[in-house]
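As structure tokens, the structure follows; a few thoughts come after it.
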Amino acid sequence: MKKQVISTYEEAVAYINETPRFTTKNSMEDTKAFLHRLGDPDRKLKIIHVAGTNGKGSVCAYMRSILEKAGYKVALFTSPHLTDIRERFVVDGEMIPEEDFLRIFLCIYEMLDRKYHPTFFEYLFFIAMMWFPERTPDFCILETGLGGRLDATNSVSRKELAVITHISLDHVEYLGNTTEKIAMEKAGIMQAGSEAVYWDSESGVTAVFEEKAIDLGISAHSVSKKNYRFSKNNKKSIDFSVSTEYYGYVTLTLQTIAAYQMENAALAIRAIEVLDRGRTVTEDHIKQGVKACFWAGRMEEILPEVYLDGAHNEDGIRAFLESVSADGVQGSRSLLFSVVREKDFGRMVEELVKSKLFSEIAVTHMKTGRALETDCLQEVFDRYPDCCYSIYDSVPAALRELLQSRKEDGRIYIAGSLYLAGEIKELLKDDKF
């Protein structure tokens, strides 16, 4: 394999972004073998592994925040990133420096040969596994990319805990066309010798997790809506309580208007309890950690009365709409919407229109090559003659029009794709609005 000369951080990122040209997905055996060639860096880490359809990143963020409030140093590997690839690698609240990214990239690059080349996600995973031990974290939280059983992150040799979030239909072309089949893939992160915590959403899915736990001889702990109770919406925050094993009912405040984060916080709290058994993490640490947690692009107020949400599938849209319906807004709501072509965009649009929460919807095309063409979106929206919508050629044009036409007491929401969230964040970073 003829190698390029790479000497800068920008060149390293460009190379990783182009890796789909060079390789297809590798087998788990190949990924494990390369991790071994790197010196088994994962063996130096206490790993908490997180899989699921929706809420993975948020659950990771809540666990990290609680553990940090308890005095622990935490490494966090998540995906996708919104504006900077280094967002995926965080230790003690700090992203990986560009010089460390380049140095470790080159270490891996020198070991590549004709027999093995990592995919985009595998390369990033290996960078995380090499960098994290250098920073000596107390815990390492790994979020799967896609699936679980065959995900690159599942190549690690040992885990402290497996956590599985809400399961719904997404990526059906890869994971299966029923929630039970998808659950089987996610259950692949469960491991003999370590406990598991999962979201109890429906009987078929729960049965998959329980059977897997029995096969492995481990304990699996369920969390459901029965474990938390909504108290009050405070316009910019939510008060709720969670039933815990070690602290009884704990009253908490979420610094978000996203109702779905009650579910994610409850799951994260149970995971911490199973991990710690009440030894070092106190009720106060949980309260502080939940209140302090911030996860970009999840009902994030990016401008006054402009909220950005990463809802990018049918189930995510339903959770998004649940939060919107409880926002207490007296004026009109408008929505900026776009989607990638592989999603079930017809059902997503149906949910949005049926909700009747938005006086107008701005439909636009994103910069990503995966974006659904606007003529396809127009065809779907045309099925609903009572829906007031407009088509825009670009995200900046759509947002600019919504901002200019918004009434004084109006609110703007943005949802449909994490690519859309990233493009919006990039616009704000460049002071385009």
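Ordering of the structure tokens sets the chain letters (A, B, ...), residue numbers begin anew at 1 in every chain, and ligands are numbered from 1 in the order given.
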Item to check | Close residues, range 121-130 of chain A itself excluded, 8 Å, only C-alpha atoms, min 4 positions apart in chain, as a ChimeraX atom specification | outcome: /A:16,31,35,38,41-42,77,89,101,104-105,108,134,145,152-153
File dump, residues just selected, N, CA and C atoms, as a compact mmCIF listing (two decimals), in the first residue's frame:
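Result written to again15.txt:
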```
# COMPACT_ATOMS: atom_id res chain seq x y z
N ILE A 16 -8.75 10.61 7.12
CA ILE A 16 -9.78 9.82 7.79
C ILE A 16 -11.13 10.02 7.10
N THR A 31 -10.65 -6.38 13.63
CA THR A 31 -10.58 -5.20 14.51
C THR A 31 -9.88 -5.55 15.81
N LEU A 35 -6.31 -4.06 17.28
CA LEU A 35 -6.24 -3.47 18.62
C LEU A 35 -5.13 -4.16 19.41
N LEU A 38 -1.83 -2.84 18.45
CA LEU A 38 -1.59 -1.54 19.08
C LEU A 38 -1.16 -1.65 20.54
N PRO A 41 -4.40 -1.42 24.26
CA PRO A 41 -4.56 -0.25 25.15
C PRO A 41 -5.86 -0.26 25.94
N ASP A 42 -6.87 -0.94 25.43
CA ASP A 42 -8.17 -1.00 26.12
C ASP A 42 -8.07 -1.67 27.48
N PHE A 77 -15.87 8.77 24.63
CA PHE A 77 -15.79 8.63 23.18
C PHE A 77 -17.21 8.54 22.64
N PHE A 89 -13.56 12.90 21.27
CA PHE A 89 -12.56 12.45 22.24
C PHE A 89 -12.44 13.48 23.36
N PHE A 101 -3.81 14.34 18.43
CA PHE A 101 -4.57 13.66 17.38
C PHE A 101 -3.63 13.26 16.24
N ILE A 104 -0.97 10.46 17.31
CA ILE A 104 -1.52 9.11 17.42
C ILE A 104 -2.01 8.62 16.06
N PHE A 105 -2.57 9.52 15.26
CA PHE A 105 -2.95 9.15 13.89
C PHE A 105 -1.76 8.55 13.17
N ILE A 108 -0.72 4.99 14.24
CA ILE A 108 -1.60 3.99 13.64
C ILE A 108 -1.30 3.86 12.14
N GLU A 134 -3.15 7.43 28.02
CA GLU A 134 -2.15 8.46 28.31
C GLU A 134 -2.65 9.45 29.35
N GLY A 145 -21.04 3.15 17.59
CA GLY A 145 -21.36 3.92 16.41
C GLY A 145 -22.68 3.46 15.81
N ALA A 152 -17.16 -1.55 16.20
CA ALA A 152 -15.73 -1.55 16.52
C ALA A 152 -15.48 -1.44 18.01
N THR A 153 -16.30 -0.66 18.71
CA THR A 153 -16.10 -0.48 20.16
C THR A 153 -16.29 -1.78 20.93
```
Next on the checklist: Just want the 7 Å neighbourhood of range 402-417 of chain A, counted on only C-alpha atoms, with same-chain residues fewer than 3 positions away dropped. Output as a ChimeraX atom specification.
Outcome noted: /A:305-312,331-340,398-399,420-421
Checklist entry - Counting only C-alpha atoms, which of A:Val242, A:Ala213, A:Ile85, A:Leu275 gets nearest to Pro97 in chain A? => result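 Under the stated criterion, the closest residue is A:Ile85.
For the choices A:Ala196, A:Ala220, A:Met299, A:Met190, the atom-to-atom distance to Asn154 in chain A is smallest for A:Met190 when using only C-alpha atoms.
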Next on the checklist: DSSP on the backbone, strand (DSSP E or B) only: what residues of range 90-280 of chain A does that give? Format it as a ChimeraX atom specification.
Outcome noted: /A:90-91,94-95,139-143,161-164,166,195-199,220-223,228-233,238-244,248-254
Could you take the residues named above and write them with N, CA and C atoms, as a CSV table (one decimal), in the first residue's frame?
```
chain,number,residue,atom,x,y,z
A,90,VAL,N,-12.9,13.2,24.5
A,90,VAL,CA,-12.9,14.1,25.6
A,90,VAL,C,-12.4,13.4,26.9
A,91,VAL,N,-11.5,14.0,27.6
A,91,VAL,CA,-11.1,13.6,28.9
A,91,VAL,C,-11.1,14.7,29.9
A,94,GLU,N,-12.0,18.1,28.4
A,94,GLU,CA,-11.2,18.7,27.4
A,94,GLU,C,-11.1,17.8,26.1
A,95,MET,N,-11.3,18.4,24.9
A,95,MET,CA,-11.1,17.6,23.7
A,95,MET,C,-9.6,17.3,23.5
A,139,PHE,N,-12.5,6.2,34.6
A,139,PHE,CA,-13.5,5.5,33.8
A,139,PHE,C,-13.4,6.0,32.4
A,140,CYS,N,-13.8,5.0,31.5
A,140,CYS,CA,-13.9,5.4,30.1
A,140,CYS,C,-15.3,5.0,29.5
A,141,ILE,N,-16.0,5.9,29.0
A,141,ILE,CA,-17.3,5.7,28.5
A,141,ILE,C,-17.2,5.6,27.0
A,142,LEU,N,-17.7,4.5,26.4
A,142,LEU,CA,-17.6,4.3,25.0
A,142,LEU,C,-19.1,4.2,24.4
A,143,GLU,N,-19.4,5.1,23.5
A,143,GLU,CA,-20.6,5.0,22.8
A,143,GLU,C,-20.5,4.3,21.5
A,161,LEU,N,-19.3,-2.3,32.7
A,161,LEU,CA,-20.8,-2.2,32.6
A,161,LEU,C,-21.2,-2.0,31.2
A,162,ALA,N,-22.4,-2.7,30.9
A,162,ALA,CA,-23.0,-2.4,29.5
A,162,ALA,C,-24.3,-1.7,29.8
A,163,VAL,N,-24.6,-0.7,29.0
A,163,VAL,CA,-25.8,0.1,29.1
A,163,VAL,C,-26.5,0.2,27.8
A,164,ILE,N,-27.8,-0.1,27.8
A,164,ILE,CA,-28.5,-0.1,26.5
A,164,ILE,C,-29.7,0.8,26.6
A,166,HIS,N,-33.0,3.3,24.8
A,166,HIS,CA,-34.2,3.1,24.1
A,166,HIS,C,-34.0,2.4,22.7
A,195,GLU,N,-22.1,-6.6,34.6
A,195,GLU,CA,-23.6,-6.4,34.7
A,195,GLU,C,-24.0,-5.5,33.5
A,196,ALA,N,-25.4,-5.5,33.4
A,196,ALA,CA,-26.0,-4.7,32.3
A,196,ALA,C,-27.1,-3.9,32.8
A,197,VAL,N,-27.4,-2.7,32.3
A,197,VAL,CA,-28.6,-1.9,32.6
A,197,VAL,C,-29.2,-1.6,31.2
A,198,TYR,N,-30.5,-1.7,31.2
A,198,TYR,CA,-31.2,-1.4,29.9
A,198,TYR,C,-32.5,-0.7,30.1
A,199,TRP,N,-33.0,0.0,29.0
A,199,TRP,CA,-34.3,0.6,29.1
A,199,TRP,C,-35.4,-0.4,28.7
A,220,ALA,N,-29.0,-8.3,34.8
A,220,ALA,CA,-29.5,-7.2,33.9
A,220,ALA,C,-30.5,-6.4,34.7
A,221,HIS,N,-30.3,-5.1,34.8
A,221,HIS,CA,-31.2,-4.2,35.5
A,221,HIS,C,-32.0,-3.4,34.6
A,222,SER,N,-33.3,-3.4,34.8
A,222,SER,CA,-34.2,-2.7,33.9
A,222,SER,C,-34.6,-1.3,34.5
A,223,VAL,N,-34.8,-0.3,33.6
A,223,VAL,CA,-35.3,1.0,34.0
A,223,VAL,C,-36.4,1.3,33.0
A,228,TYR,N,-39.4,7.1,37.0
A,228,TYR,CA,-39.2,8.6,37.2
A,228,TYR,C,-40.6,9.2,37.2
A,229,ARG,N,-40.7,10.4,37.7
A,229,ARG,CA,-42.0,11.2,37.8
A,229,ARG,C,-41.7,12.6,37.5
A,230,PHE,N,-42.5,13.1,36.5
A,230,PHE,CA,-42.4,14.5,36.1
A,230,PHE,C,-43.0,15.4,37.2
A,231,SER,N,-42.4,16.5,37.6
A,231,SER,CA,-43.0,17.4,38.6
A,231,SER,C,-43.4,18.8,38.0
A,232,LYS,N,-42.5,19.4,37.3
A,232,LYS,CA,-42.8,20.8,36.9
A,232,LYS,C,-41.9,21.2,35.7
A,233,ASN,N,-42.6,22.0,34.8
A,233,ASN,CA,-41.8,22.6,33.7
A,233,ASN,C,-41.6,24.1,34.0
A,238,ILE,N,-36.6,21.5,33.8
A,238,ILE,CA,-37.7,20.6,34.2
A,238,ILE,C,-37.3,20.0,35.6
A,239,ASP,N,-38.3,20.0,36.5
A,239,ASP,CA,-38.1,19.4,37.8
A,239,ASP,C,-38.8,18.0,37.7
A,240,PHE,N,-38.1,17.0,38.2
A,240,PHE,CA,-38.6,15.6,38.2
A,240,PHE,C,-38.0,14.8,39.3
A,241,SER,N,-38.4,13.6,39.6
A,241,SER,CA,-37.8,12.8,40.6
A,241,SER,C,-37.6,11.4,40.0
A,242,VAL,N,-36.6,10.7,40.6
A,242,VAL,CA,-36.2,9.4,40.1
A,242,VAL,C,-36.2,8.4,41.3
A,243,SER,N,-36.7,7.2,41.1
A,243,SER,CA,-36.7,6.2,42.2
A,243,SER,C,-35.4,5.5,42.1
A,244,THR,N,-34.6,5.5,43.1
A,244,THR,CA,-33.3,4.9,43.1
A,244,THR,C,-33.2,3.8,44.2
A,248,GLY,N,-33.5,6.2,47.6
A,248,GLY,CA,-34.9,6.4,47.6
A,248,GLY,C,-35.3,7.4,46.4
A,249,TYR,N,-36.3,8.2,46.6
A,249,TYR,CA,-36.7,9.2,45.6
A,249,TYR,C,-35.8,10.4,45.6
A,250,VAL,N,-35.2,10.7,44.5
A,250,VAL,CA,-34.3,11.8,44.4
A,250,VAL,C,-34.9,12.9,43.6
A,251,THR,N,-35.1,14.1,44.1
A,251,THR,CA,-35.6,15.2,43.3
A,251,THR,C,-34.5,15.9,42.5
A,252,LEU,N,-34.8,16.1,41.2
A,252,LEU,CA,-33.7,16.6,40.3
A,252,LEU,C,-34.2,17.7,39.4
A,253,THR,N,-33.3,18.5,38.9
A,253,THR,CA,-33.6,19.5,37.9
A,253,THR,C,-32.7,19.3,36.7
A,254,LEU,N,-33.4,19.3,35.5
A,254,LEU,CA,-32.7,19.2,34.2
A,254,LEU,C,-32.7,20.6,33.6
```
Next on the checklist: Env of Asp151 in chain A: 12 Å cut, atoms = only C-alpha atoms, seq-sep filter 5 positions within chain, self excluded. Answer as an MDAnalysis selection string.
Outcome noted: chainID A and resid 25:29 31:32 49:52 119 121:122 125 142:146 156 174:175 185:189
Item to check | Close residues, Thr136 in chain A itself excluded, 10 Å, only C-alpha atoms, min 6 positions apart in chain, as a list in words | outcome: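 Returned residues: Lys44, Leu45, Lys73, Val74, Ala75 and Val91 of chain A.
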Now that the selection is made, can you save its residues with N, CA, C and O atoms as a PDB file, in the first residue's frame?
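After the write, result-v4.pdb holds the following:
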```
ATOM      1  N   LYS A  44      -6.090  -1.144  29.737  1.00  0.00           N
ATOM      2  CA  LYS A  44      -5.681  -0.171  30.760  1.00  0.00           C
ATOM      3  C   LYS A  44      -6.857   0.691  31.221  1.00  0.00           C
ATOM      4  O   LYS A  44      -6.671   1.578  32.058  1.00  0.00           O
ATOM      5  N   LEU A  45      -8.053   0.443  30.665  1.00  0.00           N
ATOM      6  CA  LEU A  45      -9.204   1.305  30.919  1.00  0.00           C
ATOM      7  C   LEU A  45     -10.349   0.554  31.584  1.00  0.00           C
ATOM      8  O   LEU A  45     -10.578  -0.628  31.296  1.00  0.00           O
ATOM      9  N   LYS A  73     -12.154  11.150  37.168  1.00  0.00           N
ATOM     10  CA  LYS A  73     -11.683  11.622  35.873  1.00  0.00           C
ATOM     11  C   LYS A  73     -12.254  10.691  34.809  1.00  0.00           C
ATOM     12  O   LYS A  73     -12.056   9.475  34.886  1.00  0.00           O
ATOM     13  N   VAL A  74     -12.952  11.253  33.831  1.00  0.00           N
ATOM     14  CA  VAL A  74     -13.708  10.439  32.881  1.00  0.00           C
ATOM     15  C   VAL A  74     -13.263  10.715  31.443  1.00  0.00           C
ATOM     16  O   VAL A  74     -13.148  11.871  31.027  1.00  0.00           O
ATOM     17  N   ALA A  75     -13.029   9.634  30.696  1.00  0.00           N
ATOM     18  CA  ALA A  75     -12.791   9.706  29.258  1.00  0.00           C
ATOM     19  C   ALA A  75     -14.099   9.377  28.548  1.00  0.00           C
ATOM     20  O   ALA A  75     -14.835   8.488  28.980  1.00  0.00           O
ATOM     21  N   VAL A  91     -11.495  14.038  27.595  1.00  0.00           N
ATOM     22  CA  VAL A  91     -11.051  13.552  28.910  1.00  0.00           C
ATOM     23  C   VAL A  91     -11.058  14.726  29.868  1.00  0.00           C
ATOM     24  O   VAL A  91     -10.488  15.780  29.564  1.00  0.00           O
TER      25      VAL A  91
END
```
Item to check | Sel. of helix (DSSP H, G or I) residues, range 140-330 of chain A, as a PyMOL selection string | outcome: chain A and resi 152-155+172-175+179-189+203-216+225-227+261-276+283-292+314-325
Using only C-alpha atoms, determine which residues lie at most 8 Å from Ser201 in chain A, disregarding the query and same-chain residues fewer than 5 positions distant; provide the list as a PDB file with N, CA, C and O atoms, in the first residue's frame.
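To be explicit, this is the file written out as result_3.pdb:
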```pdb
ATOM      1  N   HIS A 166     -32.952   3.326  24.802  1.00  0.00           N
ATOM      2  CA  HIS A 166     -34.217   3.072  24.112  1.00  0.00           C
ATOM      3  C   HIS A 166     -33.984   2.416  22.742  1.00  0.00           C
ATOM      4  O   HIS A 166     -33.133   2.860  21.976  1.00  0.00           O
ATOM      5  N   ILE A 167     -34.755   1.381  22.438  1.00  0.00           N
ATOM      6  CA  ILE A 167     -34.659   0.682  21.161  1.00  0.00           C
ATOM      7  C   ILE A 167     -35.858   1.036  20.287  1.00  0.00           C
ATOM      8  O   ILE A 167     -37.005   0.987  20.733  1.00  0.00           O
ATOM      9  N   THR A 206     -37.433  -6.419  25.913  1.00  0.00           N
ATOM     10  CA  THR A 206     -36.992  -6.800  27.261  1.00  0.00           C
ATOM     11  C   THR A 206     -36.655  -8.282  27.320  1.00  0.00           C
ATOM     12  O   THR A 206     -35.653  -8.683  27.947  1.00  0.00           O
ATOM     13  N   SER A 224     -37.515   1.872  33.534  1.00  0.00           N
ATOM     14  CA  SER A 224     -38.654   2.221  32.683  1.00  0.00           C
ATOM     15  C   SER A 224     -39.251   3.546  33.141  1.00  0.00           C
ATOM     16  O   SER A 224     -38.769   4.163  34.094  1.00  0.00           O
TER      17      SER A 224
END
```
Item to check | CA of Tyr392 in chain A to CA of Arg347 in chain A, distance in Å rounded to a single decimal | outcome: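 Going from CA of Tyr392 in chain A over to CA of Arg347 in chain A covers 21.1 Å.
With only C-alpha atoms as the atoms that count, the residue of A:Ile286, A:Ile302, A:Leu357, A:Val349 with the shortest distance to Ser323 in chain A is A:Leu357.
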